[in-house]
$ cat start_10.txt   # compact mmCIF, C-alpha atoms
# COMPACT_ATOMS: atom_id res chain seq x y z
CA MET R 29 -28.07 1.12 22.32
CA ILE R 30 -25.08 1.19 19.95
CA ASP R 31 -24.35 -2.16 18.33
CA THR R 32 -20.94 -3.07 16.82
CA PRO R 33 -21.18 -6.80 16.07
CA SER R 34 -17.92 -6.88 14.11
CA LEU R 35 -14.55 -5.25 14.81
CA VAL R 36 -11.73 -4.98 12.28
CA ASP R 37 -8.53 -4.22 14.17
CA GLN R 38 -6.75 -2.28 11.44
CA TYR R 39 -3.39 -2.16 13.24
CA CYS R 40 -1.94 -4.52 15.84
CA HIS R 41 0.88 -6.99 16.49
CA GLY R 42 1.05 -10.60 17.63
CA VAL R 43 1.15 -11.82 21.21
CA LEU R 44 4.00 -13.33 23.19
CA ARG R 45 4.26 -17.12 23.25
CA THR R 46 5.97 -17.28 26.67
CA GLU R 47 4.74 -17.24 30.26
CA LEU R 48 5.25 -13.90 32.03
CA GLY R 49 6.02 -13.05 35.62
CA LEU R 50 4.81 -9.88 37.31
CA GLY R 51 7.77 -7.77 36.20
CA THR R 52 7.83 -8.94 32.59
CA PHE R 53 4.04 -8.63 32.29
CA GLU R 54 4.14 -5.12 33.71
CA ALA R 55 6.87 -4.13 31.27
CA GLN R 56 4.47 -4.94 28.40
CA LEU R 57 1.75 -2.62 29.73
CA ALA R 58 3.65 0.45 28.58
CA ARG R 59 6.80 0.88 26.53
CA THR R 60 9.04 2.90 28.81
CA GLU R 61 12.78 3.62 28.96
CA GLY R 62 13.22 1.62 32.14
CA PRO R 63 11.42 -0.16 34.96
CA PRO R 64 8.84 1.65 37.09
CA ALA R 65 10.20 4.01 39.72
CA PRO R 66 10.80 2.34 43.10
CA GLY R 67 7.56 1.99 45.02
CA THR R 68 5.39 2.40 41.91
CA THR R 69 3.78 0.06 39.39
CA LEU R 70 2.62 0.35 35.79
CA PHE R 71 -0.64 -1.26 36.87
CA ASP R 72 -1.38 2.15 38.41
CA THR R 73 -2.04 3.67 35.00
CA GLN R 74 -5.15 4.04 32.86
CA THR R 75 -4.04 1.02 30.82
CA GLY R 76 -3.33 -1.05 33.93
CA PHE R 77 -6.71 -0.26 35.44
CA ALA R 78 -8.42 -1.08 32.14
CA VAL R 79 -6.70 -4.49 32.06
CA ARG R 80 -7.93 -5.21 35.59
CA ARG R 81 -11.46 -4.10 34.64
CA TRP R 82 -11.98 -6.01 31.40
CA CYS R 83 -9.68 -9.05 31.42
CA PRO R 84 -10.27 -10.96 34.70
CA PRO R 85 -13.88 -11.98 33.82
CA LEU R 86 -12.60 -13.66 30.64
CA LEU R 87 -10.39 -15.87 32.84
CA GLY R 88 -13.10 -16.59 35.42
CA LEU R 89 -12.22 -13.87 37.95
CA GLU R 90 -14.05 -10.82 39.23
CA PRO R 91 -13.35 -7.41 37.66
CA HIS R 92 -10.64 -5.30 39.33
CA CYS R 93 -9.00 -8.27 41.07
CA PRO R 94 -5.41 -7.66 42.30
CA PRO R 95 -2.65 -8.07 39.72
CA ALA R 96 -0.99 -10.94 41.59
CA ARG R 97 -4.22 -12.93 41.64
CA TYR R 98 -4.86 -12.23 37.97
CA LEU R 99 -1.38 -13.37 36.93
CA ALA R 100 -1.64 -16.50 39.10
CA ARG R 101 -4.84 -17.42 37.26
CA ARG R 102 -3.15 -16.67 33.94
CA ARG R 103 -0.29 -19.06 34.81
CA GLU R 104 -2.75 -21.68 36.00
CA LEU R 105 -4.51 -21.69 32.63
CA GLY R 106 -1.26 -21.51 30.68
CA VAL R 107 -0.20 -19.00 28.06
CA LEU R 108 -2.04 -20.71 25.19
CA GLU R 109 -5.39 -21.16 26.93
CA SER R 110 -5.40 -17.74 28.56
CA GLY R 111 -4.47 -16.19 25.21
CA ARG R 112 -7.31 -18.00 23.45
CA ARG R 113 -9.87 -16.93 26.05
CA LEU R 114 -8.75 -13.33 25.93
CA LEU R 115 -8.55 -12.99 22.17
CA ARG R 116 -11.87 -14.74 21.60
CA GLY R 117 -13.46 -12.56 24.25
CA SER R 118 -12.30 -9.35 22.58
CA GLY R 119 -14.99 -9.39 19.90
CA ILE R 120 -12.42 -8.71 17.17
CA THR R 121 -13.28 -10.57 13.96
CA THR R 122 -10.35 -9.47 11.76
CA TYR R 123 -6.77 -8.56 12.63
CA LEU R 124 -4.38 -6.59 10.41
CA VAL R 125 -0.99 -7.51 11.82
CA ASP R 126 2.27 -5.56 11.58
CA THR R 127 4.87 -8.34 11.55
CA GLY R 128 7.88 -6.02 11.63
CA VAL R 129 8.65 -5.81 15.35
CA PRO R 130 11.23 -7.99 17.14
CA GLY R 131 10.36 -10.58 19.75
CA ASP R 132 8.76 -14.01 20.00
CA LEU R 133 5.37 -12.85 18.76
CA THR R 134 2.68 -14.83 16.98
CA GLY R 135 2.17 -14.14 13.30
CA PRO R 136 -1.13 -13.51 11.53
CA THR R 137 -1.98 -17.21 11.12
CA GLU R 138 -1.43 -18.02 14.81
CA LEU R 139 -3.29 -14.92 15.92
CA ALA R 140 -6.22 -15.81 13.69
CA SER R 141 -6.36 -19.35 15.04
CA ALA R 142 -6.14 -18.30 18.68
CA GLY R 143 -8.76 -15.59 18.26
CA GLU R 144 -11.10 -17.50 15.91
CA ALA R 145 -10.81 -14.57 13.52
CA ALA R 146 -9.39 -13.62 10.15
CA ALA R 147 -5.93 -12.07 9.92
CA HIS R 148 -3.87 -10.31 7.24
CA GLU R 149 -0.28 -9.06 7.14
CA ILE R 150 0.94 -5.47 7.20
CA VAL R 151 4.56 -5.14 6.02
CA ARG R 152 6.85 -2.70 7.82
CA LEU R 153 8.95 -0.87 5.24
CA GLU R 154 12.00 -0.20 7.38
CA GLN R 155 12.35 -3.83 8.48
CA LEU R 156 11.98 -4.94 4.86
CA ALA R 157 14.81 -2.61 3.82
CA GLU R 158 17.04 -3.85 6.65
CA GLN R 159 16.45 -7.48 5.65
CA VAL R 160 17.33 -6.66 2.05
CA ALA R 161 20.49 -4.85 3.18
CA ASP R 162 21.62 -7.93 5.13
CA THR R 163 21.61 -9.99 1.92
CA SER R 164 22.79 -7.42 -0.66
CA GLY R 165 26.47 -6.94 -1.39
CA THR R 166 26.41 -3.73 -3.43
CA VAL R 167 24.43 -0.53 -3.67
CA GLU R 168 23.00 -1.59 -7.03
CA SER R 169 21.86 -4.98 -5.76
CA PHE R 170 20.41 -3.41 -2.61
CA LEU R 171 18.28 -0.93 -4.55
CA ALA R 172 17.17 -3.51 -7.12
CA ASN R 173 16.35 -6.09 -4.44
CA LEU R 174 14.53 -3.48 -2.38
CA ALA R 175 12.23 -2.52 -5.25
CA GLU R 176 11.60 -6.21 -5.99
CA SER R 177 10.87 -6.98 -2.32
CA VAL R 178 8.37 -4.15 -1.99
CA HIS R 179 6.68 -5.27 -5.19
CA GLY R 180 6.54 -8.85 -3.94
CA ALA R 181 5.16 -7.83 -0.55
CA ALA R 182 2.44 -5.79 -2.23
CA ALA R 183 1.12 -8.98 -3.80
CA THR R 184 0.31 -10.59 -0.45
CA ALA R 185 0.02 -7.86 2.21
CA VAL R 186 -2.98 -5.60 2.75
CA ALA R 187 -0.90 -2.52 3.60
CA PHE R 188 2.55 -1.09 4.22
CA THR R 189 3.44 0.68 7.44
CA SER R 190 6.31 3.09 8.16
CA VAL R 191 7.99 4.23 11.36
CA ALA R 192 9.91 7.02 9.62
CA GLY R 193 8.52 9.45 12.18
CA LEU R 194 10.01 7.44 15.04
CA ARG R 195 13.32 6.84 13.24
CA HIS R 196 13.90 10.38 11.98
CA GLY R 197 10.84 12.59 12.42
CA LEU R 198 7.98 13.45 10.10
CA ALA R 199 9.49 16.71 8.84
CA LEU R 200 10.83 14.97 5.74
CA ALA R 201 11.16 16.66 2.35
CA PRO R 202 7.88 15.80 0.60
CA GLU R 203 9.14 15.04 -2.92
CA PRO R 204 10.72 11.73 -4.02
CA PRO R 205 14.53 11.81 -3.81
CA GLY R 206 16.40 11.64 -7.10
CA PRO R 207 18.24 8.49 -8.26
CA GLY R 208 21.68 9.94 -7.54
CA GLU R 209 20.59 11.08 -4.10
CA VAL R 210 19.24 7.60 -3.33
CA ARG R 211 22.40 5.83 -4.53
CA GLY R 212 24.60 8.14 -2.47
CA ALA R 213 22.52 7.64 0.67
CA ALA R 214 22.43 3.88 0.16
CA GLY R 215 26.19 3.75 -0.27
CA ARG R 216 26.82 5.71 2.92
CA TRP R 217 24.34 3.66 4.93
CA LEU R 218 25.60 0.28 3.72
CA ALA R 219 29.24 1.25 4.24
CA GLY R 220 28.73 2.32 7.84
CA ARG R 221 26.18 -0.32 8.81
CA ARG R 222 26.63 -3.49 10.75
CA ALA R 223 24.24 -6.40 10.09
CA GLY R 224 20.93 -5.68 11.78
CA GLY R 225 21.54 -1.93 11.96
CA ALA R 226 18.43 0.25 11.90
CA LEU R 227 17.57 2.45 8.94
CA THR R 228 17.45 6.11 9.98
CA ASP R 229 18.68 7.90 6.85
CA ALA R 230 16.18 10.54 5.76
CA VAL R 231 16.74 10.05 2.03
CA LEU R 232 16.24 6.28 2.19
CA LEU R 233 13.17 6.69 4.39
CA ARG R 234 11.67 9.04 1.80
CA HIS R 235 12.61 6.60 -0.96
CA LEU R 236 10.79 3.80 0.87
CA LEU R 237 7.67 5.92 1.33
CA TRP R 238 7.50 6.74 -2.35
CA ILE R 239 8.08 3.12 -3.42
CA ALA R 240 5.15 2.21 -1.17
CA VAL R 241 2.99 4.99 -2.61
CA ALA R 242 3.70 3.65 -6.11
CA SER R 243 2.45 0.19 -5.06
CA GLY R 244 -1.09 1.49 -4.55
CA LEU R 245 -1.51 -0.31 -1.21
CA PRO R 246 -2.68 1.75 1.77
CA LEU R 247 0.27 3.28 3.61
CA GLN R 248 0.12 3.57 7.40
CA LEU R 249 2.27 6.28 9.01
CA HIS R 250 3.14 6.17 12.71
CA THR R 251 2.47 9.51 14.40
CA GLY R 252 2.20 10.78 17.96
CA LEU R 253 3.53 8.91 20.98
CA GLY R 254 5.59 5.90 19.98
CA GLU R 255 8.70 4.06 21.04
CA PRO R 256 10.70 5.18 24.09
CA GLY R 257 13.27 7.80 23.16
CA ALA R 258 11.37 9.11 20.14
CA GLY R 259 10.84 12.88 20.32
CA VAL R 260 7.09 13.44 20.34
CA ASP R 261 7.62 16.93 18.91
CA ARG R 262 8.90 15.25 15.72
CA THR R 263 5.84 13.03 15.25
CA ASP R 264 3.02 15.56 15.01
CA PRO R 265 1.02 14.54 11.91
CA VAL R 266 0.81 18.20 10.85
CA LEU R 267 4.45 17.82 9.80
CA LEU R 268 3.24 15.47 7.07
CA THR R 269 1.06 18.10 5.39
CA ASP R 270 3.37 18.70 2.41
CA PHE R 271 3.86 14.95 1.86
CA VAL R 272 0.10 14.43 2.08
CA ARG R 273 -0.45 17.16 -0.52
CA ALA R 274 2.25 15.67 -2.78
CA THR R 275 0.57 12.23 -2.74
CA ALA R 276 -2.95 13.51 -3.43
CA GLY R 277 -4.56 12.00 -6.51
CA LEU R 278 -2.06 9.14 -6.85
CA GLY R 279 -4.49 6.45 -5.71
CA THR R 280 -2.79 5.54 -2.42
CA ASP R 281 -4.60 6.07 0.89
CA LEU R 282 -2.63 7.31 3.91
CA ILE R 283 -3.64 6.19 7.40
CA LEU R 284 -2.33 8.26 10.32
CA LEU R 285 -1.77 5.78 13.13
CA HIS R 286 -2.07 6.48 16.85
CA ALA R 287 -1.59 10.29 16.67
CA TYR R 288 -2.22 10.93 20.39
CA PRO R 289 -1.78 13.58 21.76
CA TYR R 290 -2.13 15.09 18.26
CA HIS R 291 -5.33 13.18 17.42
CA ARG R 292 -7.18 16.39 16.53
CA HIS R 293 -4.43 17.21 14.02
CA ALA R 294 -4.83 13.78 12.40
CA ALA R 295 -8.60 14.24 12.33
CA HIS R 296 -8.14 17.63 10.64
CA LEU R 297 -5.93 16.16 7.91
CA ALA R 298 -8.51 13.41 7.35
CA ALA R 299 -11.15 16.10 6.93
CA VAL R 300 -9.12 18.15 4.45
CA PHE R 301 -7.58 15.47 2.22
CA PRO R 302 -9.71 12.76 0.56
CA HIS R 303 -6.97 10.11 0.74
CA VAL R 304 -6.15 10.56 4.45
CA TYR R 305 -7.68 8.51 7.27
CA ALA R 306 -7.42 8.84 11.05
CA ASP R 307 -6.82 5.96 13.48
CA SER R 308 -8.65 5.91 16.81
CA GLY R 309 -6.59 3.12 18.38
CA ALA R 310 -3.74 3.60 20.81
CA ALA R 311 -5.17 6.90 22.05
CA LEU R 312 -8.03 5.00 23.70
CA VAL R 313 -5.80 2.33 25.24
CA ARG R 314 -3.55 4.98 26.77
CA THR R 315 -6.39 7.06 28.17
CA GLY R 316 -8.57 4.30 29.64
CA ALA R 317 -11.49 5.77 31.57
CA ARG R 318 -11.06 9.00 29.58
CA ALA R 319 -11.32 7.21 26.23
CA ALA R 320 -14.78 8.60 25.47
CA ALA R 321 -13.48 12.17 25.73
CA VAL R 322 -10.63 11.44 23.32
CA LEU R 323 -12.88 9.66 20.82
CA ALA R 324 -15.30 12.58 20.93
CA GLU R 325 -12.43 14.91 20.01
CA ILE R 326 -11.59 12.78 16.96
CA LEU R 327 -15.28 12.81 15.96
CA GLU R 328 -15.30 16.64 16.21
CA LEU R 329 -13.29 16.98 13.00
CA ALA R 330 -12.85 13.80 11.00
CA PRO R 331 -15.58 12.68 8.59
CA PHE R 332 -17.16 9.52 9.98
CA GLY R 333 -16.16 7.51 6.90
CA LYS R 334 -12.50 8.43 7.53
CA ILE R 335 -12.03 7.03 11.09
CA LEU R 336 -10.70 3.51 11.67
CA PHE R 337 -10.67 1.34 14.80
CA SER R 338 -7.51 -0.36 16.00
CA THR R 339 -6.02 -1.61 19.24
CA GLY R 340 -2.33 -1.09 18.46
CA ALA R 341 -1.82 -4.08 20.78
CA GLN R 342 1.56 -5.75 21.06
CA GLY R 343 2.76 -8.63 23.23
CA LEU R 344 -0.19 -9.04 25.60
CA PRO R 345 -3.54 -10.42 24.44
CA GLU R 346 -4.92 -8.27 27.26
CA LEU R 347 -4.17 -5.20 25.16
CA HIS R 348 -6.33 -6.51 22.32
CA VAL R 349 -9.15 -6.95 24.84
CA VAL R 350 -8.66 -3.52 26.39
CA GLY R 351 -8.47 -1.80 23.00
CA ALA R 352 -11.69 -3.42 21.83
CA ARG R 353 -13.65 -2.98 25.07
CA LEU R 354 -12.60 0.65 25.55
CA PHE R 355 -13.52 1.42 21.95
CA ARG R 356 -16.98 -0.11 22.28
CA GLU R 357 -17.54 1.54 25.64
CA ALA R 358 -16.36 4.95 24.41
CA LEU R 359 -18.34 4.75 21.19
CA GLY R 360 -21.49 3.77 23.08
CA ARG R 361 -21.11 6.65 25.53
CA VAL R 362 -20.40 9.31 22.93
CA LEU R 363 -22.94 8.33 20.28
CA GLY R 364 -25.52 7.27 22.89
CA ALA R 365 -25.34 10.70 24.50
CA TRP R 366 -25.87 12.42 21.16
CA VAL R 367 -28.88 10.22 20.45
CA ALA R 368 -30.30 10.94 23.92
CA GLU R 369 -29.87 14.67 23.34
CA GLY R 370 -31.71 14.44 20.02
CA ALA R 371 -28.66 15.59 18.05
CA TRP R 372 -28.43 12.26 16.23
CA SER R 373 -30.97 9.64 15.25
CA LEU R 374 -30.39 6.12 16.55
CA ALA R 375 -30.25 4.84 12.97
CA ASP R 376 -27.45 7.26 12.09
CA ALA R 377 -25.56 6.40 15.28
CA GLN R 378 -25.74 2.69 14.48
CA ARG R 379 -24.56 3.31 10.92
CA VAL R 380 -21.60 5.46 11.99
CA ALA R 381 -20.63 2.96 14.69
CA ARG R 382 -20.42 0.19 12.12
CA LEU R 383 -18.42 2.37 9.74
CA ILE R 384 -15.75 3.08 12.35
CA ALA R 385 -15.75 -0.41 13.86
CA ALA R 386 -15.33 -2.37 10.64
CA ASP R 387 -16.81 -1.08 7.39
CA ASN R 388 -14.31 1.73 6.80
CA ALA R 389 -11.41 -0.70 7.20
CA ARG R 390 -13.03 -3.23 4.88
CA ARG R 391 -13.35 -0.54 2.21
CA VAL R 392 -9.86 0.97 2.62
CA TYR R 393 -7.99 -2.35 2.75
CA GLY R 394 -10.18 -4.18 0.23
CA LEU R 395 -11.23 -6.87 2.70
CA ALA R 396 -13.95 -9.32 1.78
$ encode --input "start_10.txt" --output "structure tokens"
Amino acid sequence: MIDTPSLVDQYCHGVLRTELGLGTFEAQLARTEGPPAPGTTLFDTQTGFAVRRWCPPLLGLEPHCPPARYLARRRELGVLESGRRLLRGSGITTYLVDTGVPGDLTGPTELASAGEAAAHEIVRLEQLAEQVADTSGTVESFLANLAESVHGAAATAVAFTSVAGLRHGLALAPEPPGPGEVRGAAGRWLAGRRAGGALTDAVLLRHLLWIAVASGLPLQLHTGLGEPGAGVDRTDPVLLTDFVRATAGLGTDLILLHAYPYHRHAAHLAAVFPHVYADSGAALVRTGARAAAVLAEILELAPFGKILFSTGAQGLPELHVVGARLFREALGRVLGAWVAEGAWSLADAQRVARLIAADNARRVYGLA
């Protein structure tokens, strides 16, 4: 009943270019701090079951086939052909790609070609700062080059994204740091940093956020469950409330990525602040067969014009498929039930579905 002919994946990464064995494939299903416990497998998760449900038919196999059989078929087709079949079978028509993660991942152009879709770049602020630090000899040159690099990136990217919550936590002072504070923090970081060292300094992270806000591009903020080792208690989007209030009226939209298990908190902030948007992505991939329940909780609070679809996929084209299929399935169940109950009209359900699937992202990111 609910039709979503176009999907704009407002946050994802590229896919791996290399063939994967069982162990390396499984390691991509979930970012953990080590291999599965002896006698267990990451295929026995909601994400693993969703991969086995939705991906085998795209490679000519029956749904729910055993992992070994699926991976044998994947190797038989080759990484390029299997990737093309999966991406083109996802139904995603536009990808917004965060290019700031390590690994042999395809960029926006390759992803667009493989998926027969459009693609645009999202620039990760922390990686940009680390690249500038590797080529800047002094504090003054670092700060000048950083401002220039952010300005240059704003001319070509559709958004900035920040992992400040994963690097430090979201309980950052909301106001911009002063020039002296920034110079002091930069000096300390550069003096103690080896090439390639990660940026974790709270002052510099705040400085980056405010440079991005000044650019006017949408700013994505990672919240909720993230990289292994990150304290989930530090990534509750509620901790951003003062920063959100400080950026109100400046013309820059904030998108709260992922959020799970704090998705209701993100939805609340999207309801309260006009420039805040809630992502419905990784929460659905993580929860699999329970995705409809999670999506319904986001829809409890967030205005329907403030919710954006994404897959959050990284590494495996299967995760793009799973993110898209679970979203469509969950949206159909939730909105279809409300139509059947008489709470919603079918016309309104169709309109809201298209807002969340694509139209909200096109408006926020200025996509054609």
$ closest_residue --input "start_10.txt" --among "R:Asn173, R:Asn388, R:Ser308, R:Gln248" --to "Gly193 in chain R" --atoms "only C-alpha atoms"
R:Gln248
$ closest_residue --input "start_10.txt" --among "R:Ile239, R:Leu218, R:Ala226, R:Gly135" --to "Leu174 in chain R" --atoms "only C-alpha atoms"
R:Ile239
$ axis_aligned_box --input "start_10.txt" --around "range 170-173 of chain R" --padding-each-side "3 Å" --output "JSON"
{"center_x": 18.4, "center_y": -3.5, "center_z": -4.9, "size_x": 10.1, "size_y": 11.2, "size_z": 10.5}
$ atom_distance --input "start_10.txt" --atom1 "CA of Leu87 in chain R" --atom2 "CA of Leu48 in chain R"
15.8 Å
$ atom_distance --input "start_10.txt" --atom1 "CA of Phe301 in chain R" --atom2 "CA of Thr269 in chain R"
9.6 Å
$ closest_residue --input "start_10.txt" --among "R:Ser338, R:Gly252, R:Pro204, R:Ala324" --to "Thr275 in chain R" --atoms "only C-alpha atoms"
R:Pro204
$ residues_near_point --input "start_10.txt" --point "(-8.6, -11.8, 8.9)" --cutoff "8 Å" --atoms "only C-alpha atoms" --output "ChimeraX atom specification"
/R:121-124,140,145-148
$ residues_around --input "start_10.txt" --residues "range 32-38 of chain R" --least-positions-apart "2" --cutoff "8 Å" --atoms "all atoms listed in the file" --output "PyMOL selection string"
chain R and resi 30+40+119-125+336-339+352+356+378+381-382+385-386+389-390
$ residues_around --input "start_10.txt" --residues "Ala298 in chain R" --least-positions-apart "5" --cutoff "10 Å" --atoms "all atoms listed in the file" --output "list in words"
Leu282, Ile283, Leu284, Arg292, His293, His303, Val304, Tyr305, Ala306, Asp307, Leu329, Ala330, Pro331, Phe332, Gly333, Lys334 and Ile335 of chain R
$ write_last_selection --input "start_10.txt" --atoms "C-alpha atoms" --output "CSV table (one decimal), in the coordinates of the input"
chain,number,residue,atom,x,y,z
R,282,LEU,CA,-2.6,7.3,3.9
R,283,ILE,CA,-3.6,6.2,7.4
R,284,LEU,CA,-2.3,8.3,10.3
R,292,ARG,CA,-7.2,16.4,16.5
R,293,HIS,CA,-4.4,17.2,14.0
R,303,HIS,CA,-7.0,10.1,0.7
R,304,VAL,CA,-6.2,10.6,4.4
R,305,TYR,CA,-7.7,8.5,7.3
R,306,ALA,CA,-7.4,8.8,11.0
R,307,ASP,CA,-6.8,6.0,13.5
R,329,LEU,CA,-13.3,17.0,13.0
R,330,ALA,CA,-12.8,13.8,11.0
R,331,PRO,CA,-15.6,12.7,8.6
R,332,PHE,CA,-17.2,9.5,10.0
R,333,GLY,CA,-16.2,7.5,6.9
R,334,LYS,CA,-12.5,8.4,7.5
R,335,ILE,CA,-12.0,7.0,11.1
$ residues_around --input "start_10.txt" --residues "Leu359 in chain R" --least-positions-apart "5" --cutoff "10 Å" --atoms "all atoms listed in the file" --output "list in words"
Ile30, Asp31, Thr32, Ala319, Ala320, Ala321, Leu323, Ala324, Arg353, Leu354, Gly364, Ala365, Ala377, Val380, Ala381, Ile384 and Ala385 of chain R
$ closest_residue --input "start_10.txt" --among "R:Ala317, R:Leu347, R:Ala242, R:Ala219" --to "Leu278 in chain R" --atoms "only C-alpha atoms"
R:Ala242
